[in-house]
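File shown here: upload.tsv, holding TSV, C-alpha atoms.
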```tsv
chain	number	residue	atom	x	y	z
A	1	MET	CA	-71.52	120.15	36.60
A	2	ASN	CA	-74.24	120.21	34.01
A	3	GLN	CA	-74.19	118.30	30.74
A	4	ILE	CA	-72.71	121.22	28.79
A	5	ASP	CA	-69.82	121.61	31.25
A	6	ASP	CA	-69.07	117.88	31.02
A	7	ALA	CA	-69.07	117.83	27.22
A	8	PRO	CA	-65.69	117.25	25.51
A	9	ILE	CA	-64.20	120.24	23.75
A	10	HIS	CA	-62.31	118.29	21.07
A	11	PRO	CA	-63.33	115.43	18.77
A	12	GLY	CA	-61.90	112.03	19.61
A	13	MET	CA	-61.91	108.44	18.39
A	14	LEU	CA	-65.65	108.15	19.01
A	15	GLU	CA	-66.34	110.98	16.58
A	16	ILE	CA	-64.11	109.29	13.99
A	17	ARG	CA	-66.01	106.02	14.27
A	18	ILE	CA	-69.41	107.70	14.14
A	19	GLY	CA	-68.44	109.87	11.19
A	20	LEU	CA	-66.95	107.09	9.09
A	21	ILE	CA	-69.77	104.64	9.81
A	22	THR	CA	-72.31	107.28	8.80
A	23	LEU	CA	-70.34	108.00	5.63
A	24	ALA	CA	-70.37	104.31	4.75
A	25	ILE	CA	-74.10	104.01	5.34
A	26	VAL	CA	-75.14	107.19	3.57
A	27	GLY	CA	-72.45	107.55	0.92
A	28	ILE	CA	-71.73	103.95	-0.06
A	29	GLY	CA	-75.03	102.35	0.91
A	30	GLY	CA	-77.01	105.21	-0.57
A	31	SER	CA	-75.09	105.02	-3.83
A	32	ILE	CA	-75.72	101.30	-4.17
A	33	ALA	CA	-79.43	101.77	-3.49
A	34	ILE	CA	-79.73	104.60	-6.01
A	35	ALA	CA	-77.94	102.61	-8.72
A	36	GLN	CA	-80.41	99.76	-8.24
A	37	VAL	CA	-83.59	101.84	-8.05
A	38	LEU	CA	-83.11	104.42	-10.81
A	39	THR	CA	-82.78	103.66	-14.52
A	40	ASP	CA	-81.73	106.94	-16.14
A	41	PRO	CA	-77.89	106.76	-16.40
A	42	VAL	CA	-77.47	110.55	-16.48
A	43	LEU	CA	-79.57	111.00	-13.34
A	44	ILE	CA	-77.75	108.15	-11.62
A	45	GLY	CA	-74.41	109.68	-12.58
A	46	LEU	CA	-75.37	113.11	-11.26
A	47	ILE	CA	-76.63	111.74	-7.95
A	48	LEU	CA	-73.56	109.54	-7.50
A	49	THR	CA	-71.37	112.55	-8.26
A	50	ALA	CA	-73.03	114.32	-5.35
A	51	MET	CA	-73.01	111.36	-2.96
A	52	SER	CA	-69.43	111.69	-1.72
A	53	GLY	CA	-70.19	115.23	-0.58
A	54	ILE	CA	-73.56	114.24	0.87
A	55	GLY	CA	-72.03	111.25	2.65
A	56	GLY	CA	-69.21	113.38	4.04
A	57	LEU	CA	-71.60	116.01	5.33
A	58	ALA	CA	-73.78	113.30	6.89
A	59	GLY	CA	-70.73	111.80	8.60
A	60	PHE	CA	-69.63	115.19	9.87
A	61	ALA	CA	-73.14	116.05	11.08
A	62	ALA	CA	-73.36	112.78	13.02
A	63	ALA	CA	-69.96	113.37	14.65
A	64	TYR	CA	-70.84	116.99	15.40
A	65	ARG	CA	-74.21	116.18	16.95
A	66	TRP	CA	-72.98	113.31	19.11
A	67	ARG	CA	-71.20	115.23	21.84
A	68	ILE	CA	-69.53	118.53	20.98
A	69	ARG	CA	-72.08	120.52	18.98
A	70	SER	CA	-69.65	123.33	18.25
A	71	LEU	CA	-67.98	124.03	14.92
A	72	ALA	CA	-64.67	125.55	16.06
A	73	PRO	CA	-63.24	122.32	17.55
A	74	PHE	CA	-63.50	120.79	14.07
A	75	GLY	CA	-61.53	123.63	12.50
A	76	ILE	CA	-64.58	125.28	11.00
A	77	ARG	CA	-63.55	128.84	11.67
A	78	SER	CA	-62.78	131.93	9.62
A	79	THR	CA	-59.46	132.29	7.84
A	80	THR	CA	-57.51	135.00	6.02
A	81	THR	CA	-57.26	136.00	2.37
A	82	ARG	CA	-53.60	135.05	2.50
A	83	TRP	CA	-54.37	131.48	3.46
A	84	LEU	CA	-57.08	131.20	0.82
A	85	SER	CA	-54.62	132.48	-1.80
A	86	LEU	CA	-51.99	130.01	-0.64
A	87	ALA	CA	-54.63	127.29	-0.83
A	88	VAL	CA	-55.27	128.09	-4.50
A	89	GLY	CA	-51.55	127.74	-5.20
A	90	ALA	CA	-51.39	124.51	-3.20
A	91	GLY	CA	-54.39	123.19	-5.12
A	92	ILE	CA	-52.65	123.89	-8.44
A	93	LEU	CA	-49.54	122.08	-7.22
A	94	ALA	CA	-51.71	119.19	-6.02
A	95	PHE	CA	-53.38	119.01	-9.43
A	96	ILE	CA	-49.98	118.87	-11.16
A	97	ALA	CA	-48.80	116.16	-8.76
A	98	LYS	CA	-52.05	114.28	-9.30
A	99	SER	CA	-51.66	114.44	-13.09
A	100	ILE	CA	-48.08	113.17	-12.92
A	101	ALA	CA	-49.17	110.33	-10.62
A	102	ILE	CA	-51.92	109.30	-13.06
A	103	LEU	CA	-49.49	109.29	-16.00
A	104	ILE	CA	-47.02	107.14	-14.05
A	105	ILE	CA	-49.73	104.68	-13.00
A	106	ILE	CA	-51.10	104.40	-16.54
A	107	SER	CA	-47.59	103.82	-17.91
A	108	ILE	CA	-47.11	100.96	-15.43
A	109	VAL	CA	-50.49	99.21	-15.28
A	110	GLY	CA	-52.35	100.62	-18.28
A	111	GLN	CA	-55.46	102.75	-18.51
A	112	GLY	CA	-57.90	100.43	-16.78
A	113	ASP	CA	-61.35	101.43	-15.60
A	114	SER	CA	-61.80	104.43	-13.34
A	115	PRO	CA	-64.61	104.48	-10.77
A	116	GLN	CA	-64.98	108.17	-11.58
A	117	GLU	CA	-66.28	107.44	-15.09
A	118	VAL	CA	-69.74	107.70	-13.56
A	119	TYR	CA	-69.07	111.44	-13.25
A	120	ALA	CA	-68.72	111.70	-17.02
A	121	THR	CA	-71.99	109.82	-17.44
A	122	GLY	CA	-73.72	112.28	-15.13
A	123	ALA	CA	-72.33	115.18	-17.14
A	124	SER	CA	-73.37	113.73	-20.50
A	125	GLY	CA	-76.90	115.17	-20.55
A	126	GLY	CA	-76.05	118.62	-21.87
A	127	TRP	CA	-74.57	121.86	-20.56
A	128	TRP	CA	-76.74	121.94	-17.46
A	129	THR	CA	-75.47	118.51	-16.37
A	130	ILE	CA	-71.86	119.58	-16.99
A	131	ILE	CA	-72.37	122.64	-14.79
A	132	LEU	CA	-74.22	120.72	-12.09
A	133	ALA	CA	-71.69	117.90	-11.95
A	134	THR	CA	-68.85	120.44	-11.79
A	135	VAL	CA	-70.55	122.25	-8.90
A	136	PHE	CA	-71.00	118.95	-7.07
A	137	LEU	CA	-67.31	118.07	-7.43
A	138	THR	CA	-65.94	121.56	-6.86
A	139	VAL	CA	-68.14	122.74	-3.98
A	140	LEU	CA	-70.26	119.99	-2.39
A	141	THR	CA	-67.66	117.21	-2.41
A	142	PRO	CA	-64.79	119.30	-0.98
A	143	ILE	CA	-66.96	120.68	1.81
A	144	GLY	CA	-68.38	117.29	2.78
A	145	GLU	CA	-65.14	115.34	2.57
A	146	GLU	CA	-62.93	117.98	4.19
A	147	PHE	CA	-65.35	118.53	7.05
A	148	LEU	CA	-65.21	114.81	7.78
A	149	PHE	CA	-61.66	113.68	6.95
A	150	ARG	CA	-59.81	116.79	8.02
A	151	GLY	CA	-62.27	118.37	10.46
A	152	VAL	CA	-63.12	115.17	12.32
A	153	VAL	CA	-60.52	112.49	11.54
A	154	GLN	CA	-57.37	114.60	11.34
A	155	THR	CA	-58.31	116.82	14.27
A	156	ALA	CA	-59.00	113.86	16.54
A	157	LEU	CA	-55.80	112.05	15.52
A	158	PHE	CA	-53.71	115.21	15.89
A	159	ARG	CA	-54.50	115.56	19.56
A	160	ARG	CA	-53.75	111.91	20.19
A	161	TYR	CA	-50.79	111.12	17.92
A	162	GLY	CA	-49.33	114.41	16.66
A	163	PRO	CA	-49.20	116.12	13.26
A	164	ILE	CA	-47.35	113.55	11.12
A	165	VAL	CA	-49.60	110.64	12.02
A	166	ALA	CA	-52.70	112.82	11.89
A	167	VAL	CA	-52.08	114.21	8.41
A	168	GLY	CA	-50.88	110.88	7.01
A	169	ALA	CA	-53.55	108.69	8.58
A	170	ALA	CA	-56.40	111.04	7.67
A	171	ALA	CA	-55.13	111.19	4.07
A	172	PHE	CA	-54.84	107.39	3.95
A	173	CYS	CA	-58.34	106.98	5.34
A	174	PHE	CA	-59.60	109.50	2.78
A	175	ALA	CA	-57.90	107.55	-0.03
A	176	ILE	CA	-59.21	104.18	1.19
A	177	PHE	CA	-62.78	105.45	0.92
A	178	HIS	CA	-62.05	106.12	-2.78
A	179	GLY	CA	-61.21	102.43	-3.25
A	180	ILE	CA	-58.07	100.50	-4.16
A	181	ASN	CA	-57.83	101.61	-7.76
A	182	ILE	CA	-56.22	104.26	-9.95
A	183	VAL	CA	-57.85	106.97	-7.81
A	184	PHE	CA	-56.20	105.81	-4.56
A	185	PRO	CA	-52.75	107.43	-4.98
A	186	VAL	CA	-54.36	110.56	-6.40
A	187	ALA	CA	-56.63	110.86	-3.36
A	188	LEU	CA	-53.65	110.21	-1.08
A	189	ILE	CA	-51.69	113.10	-2.60
A	190	LYS	CA	-54.69	115.41	-2.37
A	191	GLY	CA	-55.35	114.35	1.21
A	192	VAL	CA	-51.79	115.01	2.37
A	193	ILE	CA	-51.66	118.49	0.81
A	194	ALA	CA	-55.12	119.45	2.07
A	195	GLY	CA	-54.27	118.04	5.50
A	196	GLU	CA	-51.03	119.96	5.77
A	197	ILE	CA	-52.59	123.28	4.80
A	198	PHE	CA	-55.39	122.61	7.29
A	199	ARG	CA	-52.82	121.93	10.00
A	200	ARG	CA	-50.85	125.07	9.25
A	201	SER	CA	-53.81	127.44	8.78
A	202	GLY	CA	-55.95	126.11	11.62
A	203	SER	CA	-59.04	126.48	9.42
A	204	ILE	CA	-60.89	123.96	7.28
A	205	TRP	CA	-61.58	126.47	4.49
A	206	PRO	CA	-58.10	126.49	2.90
A	207	ALA	CA	-58.31	122.68	2.75
A	208	VAL	CA	-61.71	122.97	1.06
A	209	VAL	CA	-60.18	125.37	-1.48
A	210	VAL	CA	-57.29	122.97	-2.21
A	211	HIS	CA	-59.76	120.15	-2.76
A	212	GLY	CA	-62.01	122.29	-4.94
A	213	VAL	CA	-59.14	123.52	-7.14
A	214	VAL	CA	-57.94	119.95	-7.73
A	215	ASN	CA	-61.46	118.77	-8.61
A	216	LEU	CA	-62.40	121.74	-10.79
A	217	PRO	CA	-61.00	120.46	-14.13
A	218	THR	CA	-62.32	116.91	-13.65
A	219	ILE	CA	-65.69	117.14	-15.40
A	220	PRO	CA	-64.58	119.40	-18.30
A	221	MET	CA	-61.58	117.14	-18.97
A	222	MET	CA	-63.74	114.00	-18.92
A	223	VAL	CA	-66.28	115.58	-21.27
A	224	LEU	CA	-63.56	116.70	-23.69
A	225	ALA	CA	-61.89	113.28	-23.58
A	226	ASN	CA	-65.17	111.50	-24.36
A	227	ALA	CA	-65.93	113.96	-27.16
A	228	ALA	CA	-62.53	113.28	-28.72
A	229	GLN	CA	-63.13	109.51	-28.85
```

As structure tokens, the full file:
Amino acid sequence: MNQIDDAPIHPGMLEIRIGLITLAIVGIGGSIAIAQVLTDPVLIGLILTAMSGIGGLAGFAAAYRWRIRSLAPFGIRSTTTRWLSLAVGAGILAFIAKSIAILIIISIVGQGDSPQEVYATGASGGWWTIILATVFLTVLTPIGEEFLFRGVVQTALFRRYGPIVAVGAAAFCFAIFHGINIVFPVALIKGVIAGEIFRRSGSIWPAVVVHGVVNLPTIPMMVLANAAQ
């Protein structure tokens, strides 16, 4: 057999390790380096807003290039209008659940500092920064993070451990990369809903839509909240 015939047709634990290590290097390491090198807070905020998507895409690209080099095994395939419509509805439900979770957490532990405040800083340079930051969070971040956490992590775990473990573990891994803070339970909720719609649809795009719908109000709400202070 030649090398192509011997290549695996599904991602496995090796792809998970490669993808997550690359995400840590590019996303986390890159963010730390940028925060130390640049001085303009708006520019830093905008770049850091984009880094989760960039890091996720880098992690996916590394996993993709390592052995398989085909998009379909990662769930990157076409879907139907029905599933995209259902994804919008699921995203709205996820946003409501996220909002309730935040209110419960704040009522228990107080407001505290959110690591996502840097997004508001990036959007504080005028309308163009609001639009750019919103695009980063609504398009770039969902694509990068869903390709990695659902396309690589969940797909590999599904074949090894089944749907419940795959959806739950991928969502937990996704939340951990957001840090142990007020964002963690929010990311966990979003990860479970995106993971389940990915599992049911068989395509990554409905999961991307769920993620994008949940993220869409983030920048406008932060800007309005800061303006009201």

Considering all atoms listed in the file, can you say which of A:Phe147, A:Trp128, A:Phe172, A:Phe184 comes closest to Leu71 in chain A? A:Phe147

Report, in Å to a single decimal, how far apart CA of Ala194 in chain A and CA of Arg67 in chain A are.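 These atoms are spaced 25.8 Å apart.
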
Mind checking which residues fall within 7 Å of range 46-63 of chain A, counting all atoms listed in the file, ignoring those fewer than 3 positions away in the same chain, and posting them as a count of residues only? 27

Coordinates-based distance that separates CA of Thr79 in chain A from CA of Ser201 in chain A (Å, one decimal):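 Going from CA of Ser201 in chain A over to CA of Thr79 in chain A, I get 7.5 Å.
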
Dump as a list of chain:residue names all residues having an atom at most 12 Å from (-63.1, 102.5, -6.8), computed in the file's coordinates with all atoms listed in the file.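 All residues meeting the 12 Å criterion around (-63.1, 102.5, -6.8) are A:Ile28, A:Gly112, A:Asp113, A:Ser114, A:Pro115, A:Gln116, A:Glu117, A:Val118, A:Ala175, A:Ile176, A:Phe177, A:His178, A:Gly179, A:Ile180, A:Asn181, A:Ile182, A:Val183, A:Phe184, A:Pro185, A:Val186, A:Ala187.
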
Please, what distance in Å, to one decimal, runs between CA of Ala170 in chain A and CA of Ile21 in chain A?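 Separating CA of Ala170 in chain A from CA of Ile21 in chain A is a distance of 15.0 Å.
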
Name the closest residue to Pro217 in chain A among the candidates A:Ile193, A:Ile92, A:Ile9, A:Ile32; distances are taken between atoms, counting only C-alpha atoms.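 Comparing A:Ile193, A:Ile92, A:Ile9, A:Ile32 against Pro217 in chain A, the winner is A:Ile92.
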
For Gly151 in chain A, which residue out of A:Ile34, A:Leu86, A:Ala228, A:Ala207 is the nearest one, using all atoms listed in the file?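 Looking only at the distances to Gly151 in chain A, the closest residue turns out to be A:Ala207.
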
Between A:Gly168, A:Ser78, A:Ala227, A:Leu216, which has the minimum distance to Leu132 in chain A (counting all atoms listed in the file)?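 Among the listed residues, A:Leu216 lies closest to Leu132 in chain A.
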
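Shortest atom-to-atom contact with Ile197 in chain A among A:Ser107, A:Thr129, A:Gln154, A:Ser124: A:Gln154, counting only C-alpha atoms.
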
Of the residues A:Leu157, A:Ile105, A:Ile16, A:Ile204, which is the one nearest to Trp83 in chain A, using only C-alpha atoms?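 Selected residue with least distance to Trp83 in chain A: A:Ile204.
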
What box, with edges along x, y and z, holds each listed atom of range 132-149 of chain A when 4 Å is added on every side, and can you state its centre and edge lengths in Å to one decimal, as lines of an AutoDock Vina configuration file?
```
center_x = -67.9
center_y = 118.2
center_z = -2.2
size_x = 20.6
size_y = 17.1
size_z = 27.9
```

Once all heavy atoms are restored for range 206-217 of chain A, what would the output be as a PDB file, in the frame of the given file?
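Dumped everything to result-v7.pdb:
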```pdb
ATOM      1  N   PRO A 206     -59.183 126.667   3.884  1.00  0.00           N
ATOM      2  CA  PRO A 206     -58.100 126.490   2.900  1.00  0.00           C
ATOM      3  C   PRO A 206     -58.018 125.057   2.366  1.00  0.00           C
ATOM      4  O   PRO A 206     -57.710 124.852   1.188  1.00  0.00           O
ATOM      5  CB  PRO A 206     -56.842 126.865   3.691  1.00  0.00           C
ATOM      6  CG  PRO A 206     -57.336 127.847   4.711  1.00  0.00           C
ATOM      7  CD  PRO A 206     -58.677 127.304   5.116  1.00  0.00           C
ATOM      8  N   ALA A 207     -58.288 124.070   3.208  1.00  0.00           N
ATOM      9  CA  ALA A 207     -58.310 122.680   2.750  1.00  0.00           C
ATOM     10  C   ALA A 207     -59.432 122.454   1.746  1.00  0.00           C
ATOM     11  O   ALA A 207     -59.268 121.738   0.755  1.00  0.00           O
ATOM     12  CB  ALA A 207     -58.458 121.731   3.939  1.00  0.00           C
ATOM     13  N   VAL A 208     -60.589 123.059   1.996  1.00  0.00           N
ATOM     14  CA  VAL A 208     -61.710 122.970   1.060  1.00  0.00           C
ATOM     15  C   VAL A 208     -61.323 123.584  -0.286  1.00  0.00           C
ATOM     16  O   VAL A 208     -61.640 123.041  -1.353  1.00  0.00           O
ATOM     17  CB  VAL A 208     -62.961 123.663   1.637  1.00  0.00           C
ATOM     18  CG1 VAL A 208     -64.061 123.780   0.581  1.00  0.00           C
ATOM     19  CG2 VAL A 208     -63.480 122.899   2.852  1.00  0.00           C
ATOM     20  N   VAL A 209     -60.613 124.707  -0.247  1.00  0.00           N
ATOM     21  CA  VAL A 209     -60.180 125.370  -1.480  1.00  0.00           C
ATOM     22  C   VAL A 209     -59.196 124.486  -2.252  1.00  0.00           C
ATOM     23  O   VAL A 209     -59.308 124.332  -3.475  1.00  0.00           O
ATOM     24  CB  VAL A 209     -59.548 126.742  -1.172  1.00  0.00           C
ATOM     25  CG1 VAL A 209     -58.876 127.321  -2.411  1.00  0.00           C
ATOM     26  CG2 VAL A 209     -60.608 127.711  -0.653  1.00  0.00           C
ATOM     27  N   VAL A 210     -58.226 123.896  -1.559  1.00  0.00           N
ATOM     28  CA  VAL A 210     -57.290 122.970  -2.210  1.00  0.00           C
ATOM     29  C   VAL A 210     -58.052 121.868  -2.924  1.00  0.00           C
ATOM     30  O   VAL A 210     -57.811 121.577  -4.109  1.00  0.00           O
ATOM     31  CB  VAL A 210     -56.313 122.363  -1.181  1.00  0.00           C
ATOM     32  CG1 VAL A 210     -55.523 121.205  -1.802  1.00  0.00           C
ATOM     33  CG2 VAL A 210     -55.351 123.412  -0.655  1.00  0.00           C
ATOM     34  N   HIS A 211     -58.958 121.256  -2.225  1.00  0.00           N
ATOM     35  CA  HIS A 211     -59.760 120.150  -2.760  1.00  0.00           C
ATOM     36  C   HIS A 211     -60.571 120.611  -3.969  1.00  0.00           C
ATOM     37  O   HIS A 211     -60.631 119.932  -4.997  1.00  0.00           O
ATOM     38  CB  HIS A 211     -60.680 119.637  -1.647  1.00  0.00           C
ATOM     39  CG  HIS A 211     -61.222 118.271  -1.881  1.00  0.00           C
ATOM     40  ND1 HIS A 211     -61.488 117.398  -0.852  1.00  0.00           N
ATOM     41  CD2 HIS A 211     -61.582 117.627  -3.019  1.00  0.00           C
ATOM     42  CE1 HIS A 211     -61.974 116.278  -1.344  1.00  0.00           C
ATOM     43  NE2 HIS A 211     -62.045 116.396  -2.658  1.00  0.00           N
ATOM     44  N   GLY A 212     -61.185 121.778  -3.854  1.00  0.00           N
ATOM     45  CA  GLY A 212     -62.010 122.290  -4.940  1.00  0.00           C
ATOM     46  C   GLY A 212     -61.196 122.609  -6.183  1.00  0.00           C
ATOM     47  O   GLY A 212     -61.625 122.323  -7.309  1.00  0.00           O
ATOM     48  N   VAL A 213     -60.000 123.188  -6.003  1.00  0.00           N
ATOM     49  CA  VAL A 213     -59.140 123.520  -7.140  1.00  0.00           C
ATOM     50  C   VAL A 213     -58.697 122.249  -7.871  1.00  0.00           C
ATOM     51  O   VAL A 213     -58.685 122.187  -9.106  1.00  0.00           O
ATOM     52  CB  VAL A 213     -57.910 124.331  -6.678  1.00  0.00           C
ATOM     53  CG1 VAL A 213     -56.879 124.451  -7.797  1.00  0.00           C
ATOM     54  CG2 VAL A 213     -58.337 125.718  -6.204  1.00  0.00           C
ATOM     55  N   VAL A 214     -58.348 121.221  -7.109  1.00  0.00           N
ATOM     56  CA  VAL A 214     -57.940 119.950  -7.730  1.00  0.00           C
ATOM     57  C   VAL A 214     -59.090 119.331  -8.509  1.00  0.00           C
ATOM     58  O   VAL A 214     -58.901 118.792  -9.606  1.00  0.00           O
ATOM     59  CB  VAL A 214     -57.428 118.966  -6.651  1.00  0.00           C
ATOM     60  CG1 VAL A 214     -57.107 117.612  -7.276  1.00  0.00           C
ATOM     61  CG2 VAL A 214     -56.198 119.521  -5.957  1.00  0.00           C
ATOM     62  N   ASN A 215     -60.299 119.407  -7.974  1.00  0.00           N
ATOM     63  CA  ASN A 215     -61.460 118.770  -8.610  1.00  0.00           C
ATOM     64  C   ASN A 215     -62.017 119.570  -9.785  1.00  0.00           C
ATOM     65  O   ASN A 215     -62.704 119.007 -10.646  1.00  0.00           O
ATOM     66  CB  ASN A 215     -62.574 118.563  -7.590  1.00  0.00           C
ATOM     67  CG  ASN A 215     -62.304 117.406  -6.654  1.00  0.00           C
ATOM     68  OD1 ASN A 215     -61.223 116.824  -6.677  1.00  0.00           O
ATOM     69  ND2 ASN A 215     -63.276 117.069  -5.831  1.00  0.00           N
ATOM     70  N   LEU A 216     -61.752 120.868  -9.818  1.00  0.00           N
ATOM     71  CA  LEU A 216     -62.400 121.740 -10.790  1.00  0.00           C
ATOM     72  C   LEU A 216     -62.275 121.271 -12.238  1.00  0.00           C
ATOM     73  O   LEU A 216     -63.265 121.283 -12.984  1.00  0.00           O
ATOM     74  CB  LEU A 216     -61.855 123.166 -10.650  1.00  0.00           C
ATOM     75  CG  LEU A 216     -62.410 124.219 -11.616  1.00  0.00           C
ATOM     76  CD1 LEU A 216     -63.920 124.343 -11.471  1.00  0.00           C
ATOM     77  CD2 LEU A 216     -61.739 125.560 -11.377  1.00  0.00           C
ATOM     78  N   PRO A 217     -61.100 120.852 -12.711  1.00  0.00           N
ATOM     79  CA  PRO A 217     -61.000 120.460 -14.130  1.00  0.00           C
ATOM     80  C   PRO A 217     -61.571 119.083 -14.446  1.00  0.00           C
ATOM     81  O   PRO A 217     -61.625 118.704 -15.623  1.00  0.00           O
ATOM     82  CB  PRO A 217     -59.482 120.488 -14.394  1.00  0.00           C
ATOM     83  CG  PRO A 217     -58.867 121.133 -13.189  1.00  0.00           C
ATOM     84  CD  PRO A 217     -59.787 120.865 -12.058  1.00  0.00           C
TER      85      PRO A 217
END
```
